[in-house]
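Scroll down for the structure; my scribbles are underneath it.
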Amino acid sequence: MKTYKIAVIPGDGIGPEVTSAAVSVLKAAGELEGISFEFTECDAGGCAIDKYGIPLPEATLETCRASDAVLLGAVGGPRWDSVEPSKRPERALLGLRSGLGLYSNLRPALMFKELASASPVKNVETMDILIVRELTGGIYFGKHGRADSSEVLSDGSVKGVTAYDTEEYSTAEITRILKEGFRYAQGRSKKLTLVDKANVLESSRLWREIAAELAPSYPDVVLDYLYVDNCSMQLIHRPSTFDVIVTSNMFGDILSDEAGMITGSIGMLPSASLGAPGTPGMYEPVHGSAPDIAGTGKANPIATILSASMLLRWSLCETAASDRIEKAVRGTLADGFRTCDIASSDSDIVLDTEQMTSKILERL
């Protein structure tokens, strides 16, 4: 029997609840396919700040590096809002991404036909988008800080404290993520949309130049471009026409949440963060820690369960086990079972976190 080492970071808020659900499903799918797992639980985020005074202990990073894959719940919450910016819970995510060399973030936004009525966008019956987000460059990792300025504005007021965050991308960073986008498009509907702000940003113009240079190497892929503000509108107007979207760190962060809401709930969206071959990938739901519903049973575990499915497929190449999980989720939804965030009609059977997990396990 194959055995895989999985680092589990439950994190904060609803993180422990949804990761527990995903681990249960992983174990069950593994047993059915003759594979097993060694799970090692690690601290990161707000809980690590409480224990160690830092969001990402070195021991957590080392455990992740020694694993075949990482399953993450969610980090952060208002109780840590007053923490020094360099030590906020979210710094754990940036530290994990950079420490593991995870530069490619895959965020699928799939409309389950059973949830079409839960979408806030009318008449959307089909949508299958893969957002490929550059993960270790751009404004989140650029130079940032504050400075005092005595410069005077046109109305006579003094600027005072000035804060800055720098968007910066290199040819190498852009090239490797664009190649990922082209390759994923080749395996899907062969359409790639580059989203940028090239009418304003010099960094975006470099993205377009490199995309145009790479395009001839992928003659089967149709490449088009959209400004990010236009894309945010087109996702609402015509979501079913998109295939693969490739974009920068911040734009991908925002657009993937928008795409997720179109599917009915951000609680349905998984994600994968990948690096070079042989690097352990990190898998997590797109949603946050939702501390306001932690412990209430309202958390939707499906995004994390589907993240576990992606873990099986992308890091472990265990496609049969991955298929089992995805089929079980679809079957559970087809039976009318819902968590409260995706319930949209009186005929829906609303379940709590544990009950939904149990139904998916039964379907396996």
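Ligands are numbered from 1 in the order shown, residues from 1 within each chain, and chains are lettered A, B, ... in the order they appear in the structure tokens.
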For stretch 143-150 of chain A: contacts at 9 Å, only C-alpha atoms, fewer than 4 positions along chain excluded, given as a PyMOL selection string: chain A and resi 139+158-168
Just N, CA and C atoms for this one: save the residues we selected as a compact mmCIF listing (two decimals), in the first residue's frame.
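Wrote it out as again-v3.txt, contents follow:
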```
# COMPACT_ATOMS: atom_id res chain seq x y z
N ILE A 139 2.64 43.01 -6.30
CA ILE A 139 2.52 44.00 -5.22
C ILE A 139 2.57 43.38 -3.83
N VAL A 158 -0.64 69.55 3.14
CA VAL A 158 0.63 68.81 3.15
C VAL A 158 0.33 67.32 3.13
N LYS A 159 1.07 66.59 2.30
CA LYS A 159 0.83 65.14 2.17
C LYS A 159 0.93 64.41 3.51
N GLY A 160 1.95 64.69 4.29
CA GLY A 160 2.15 63.98 5.55
C GLY A 160 2.65 62.57 5.32
N VAL A 161 2.10 61.61 6.07
CA VAL A 161 2.55 60.22 5.93
C VAL A 161 2.11 59.65 4.59
N THR A 162 3.05 59.05 3.86
CA THR A 162 2.77 58.43 2.57
C THR A 162 3.08 56.93 2.68
N ALA A 163 2.15 56.09 2.28
CA ALA A 163 2.36 54.64 2.27
C ALA A 163 2.52 54.18 0.83
N TYR A 164 3.37 53.20 0.60
CA TYR A 164 3.58 52.71 -0.76
C TYR A 164 3.75 51.19 -0.78
N ASP A 165 3.26 50.59 -1.85
CA ASP A 165 3.42 49.16 -2.14
C ASP A 165 3.77 49.07 -3.62
N THR A 166 4.81 48.32 -3.94
CA THR A 166 5.36 48.34 -5.29
C THR A 166 5.00 47.09 -6.08
N GLU A 167 4.45 47.29 -7.27
CA GLU A 167 4.17 46.19 -8.21
C GLU A 167 5.40 45.99 -9.08
N GLU A 168 5.98 44.80 -9.01
CA GLU A 168 7.20 44.55 -9.78
C GLU A 168 7.20 43.10 -10.28
```
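Taking the backbone of this structure through DSSP, the residues of stretch 228-299 of chain A that come out as strand (DSSP E or B) are A:Val244, A:Ile245, A:Val246, A:Thr247, A:Pro270, A:Ser271, A:Ala272, A:Ser273, A:Leu274, A:Gly281, A:Met282, A:Tyr283, A:Glu284, A:Pro285.
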Find the spatial neighbours of stretch 227-229 of chain A, counting only C-alpha atoms, within a cut-off of 8 Å - ignore same-chain residues fewer than 2 positions away - and output them as a compact mmCIF listing (two decimals) with N, CA and C atoms, in the first residue's frame.
```txt
# COMPACT_ATOMS: atom_id res chain seq x y z
N VAL A 195 -5.32 38.78 -18.27
CA VAL A 195 -5.97 39.92 -17.63
C VAL A 195 -4.90 40.82 -17.01
N ASP A 196 -4.95 42.11 -17.35
CA ASP A 196 -3.93 43.03 -16.89
C ASP A 196 -4.48 44.45 -16.83
N LYS A 197 -3.61 45.42 -16.70
CA LYS A 197 -3.98 46.83 -16.76
C LYS A 197 -2.93 47.55 -17.59
N ALA A 198 -2.75 47.04 -18.83
CA ALA A 198 -1.66 47.50 -19.69
C ALA A 198 -1.84 48.94 -20.18
N ASN A 199 -3.03 49.48 -20.03
CA ASN A 199 -3.23 50.88 -20.43
C ASN A 199 -2.68 51.86 -19.39
N TYR A 225 -6.87 39.33 -24.67
CA TYR A 225 -6.49 40.18 -23.56
C TYR A 225 -7.70 40.95 -23.05
N CYS A 231 -12.66 42.89 -17.35
CA CYS A 231 -12.84 41.47 -17.03
C CYS A 231 -13.81 41.29 -15.88
N SER A 232 -13.73 42.17 -14.88
CA SER A 232 -14.64 42.05 -13.74
C SER A 232 -16.10 42.20 -14.19
N MET A 233 -16.33 43.01 -15.22
CA MET A 233 -17.68 43.16 -15.76
C MET A 233 -18.06 41.96 -16.63
N PHE A 251 -4.56 40.81 -9.03
CA PHE A 251 -5.75 40.68 -9.89
C PHE A 251 -6.36 39.29 -9.75
```
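Every residue of stretch 64-195 of chain A with a DSSP assignment of alpha helix (DSSP H), taken from the backbone, is listed as Cys64, Arg65, Arg91, Ala92, Leu93, Leu94, Gly95, Leu96, Arg97, Ser98, Gly99, Leu100, Thr171, Ala172, Glu173, Ile174, Thr175, Arg176, Ile177, Leu178, Lys179, Glu180, Gly181, Phe182, Arg183, Tyr184, Ala185 and Gln186 of chain A.
Going from atom CA of A:Leu130 over to atom CA of A:Val244, you cover 4.8 Å.
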Residues near stretch 208-214 of chain A, cut-off 8 Å, only C-alpha atoms, skip fewer than 5 positions along chain, as number ranges by chain: A: 171, 174-175, 178-179, 194, 198
Among the residues A:Leu135, A:Ile302, A:Val70, A:Ala44, the one that comes closest to A:Gln355 [using only C-alpha atoms]: A:Ile302
Taking only residues of stretch 88-126 of chain A that have an atom at most 12 Å from an atom of stretch 10-33 of chain A, what is each one's shortest atom pair and its distance in Å to one decimal, using only C-alpha atoms, in chain and number order, as JSON lines?
```
{"residue": "A:Pro89", "atom": "CA", "partner": "A:Asp12", "partner_atom": "CA", "distance": 9.1}
{"residue": "A:Glu90", "atom": "CA", "partner": "A:Gly11", "partner_atom": "CA", "distance": 10.7}
{"residue": "A:Ala92", "atom": "CA", "partner": "A:Gly11", "partner_atom": "CA", "distance": 9.9}
{"residue": "A:Leu93", "atom": "CA", "partner": "A:Gly11", "partner_atom": "CA", "distance": 10.6}
```
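Rounded to one decimal, atom CA of A:Asn123 and atom CA of A:Asp335 lie 21.9 Å from each other.
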Spatial neighbours of A:Ala343, 10 Å, only C-alpha atoms, chain gap at least 6 places, as a PyMOL selection string: chain A and resi 115+117-118+264-265+336-337+349-351
Excluding A:Asp128 and any residue of its chain fewer than 4 positions from it, enumerate the residues within 8 Å of it, using only C-alpha atoms, and give them as a CSV table (one decimal) with C-alpha atoms, in the first residue's frame.
```csv
chain,number,residue,atom,x,y,z
A,108,PRO,CA,-11.2,26.6,-10.6
A,109,ALA,CA,-14.6,28.1,-10.6
A,110,LEU,CA,-17.1,25.5,-11.7
A,111,MET,CA,-20.9,25.9,-11.8
A,240,SER,CA,-19.7,30.8,-19.6
A,242,PHE,CA,-14.2,32.0,-20.3
A,243,ASP,CA,-11.8,29.1,-20.2
```
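A straight line drawn from atom CA of A:Pro285 to atom CA of A:Pro301 is 8.9 Å long.
Distances to A:Tyr218 were evaluated for A:Ser204, A:Arg176, A:Arg183, A:Arg188 using only C-alpha atoms, and the minimum falls at A:Arg183.
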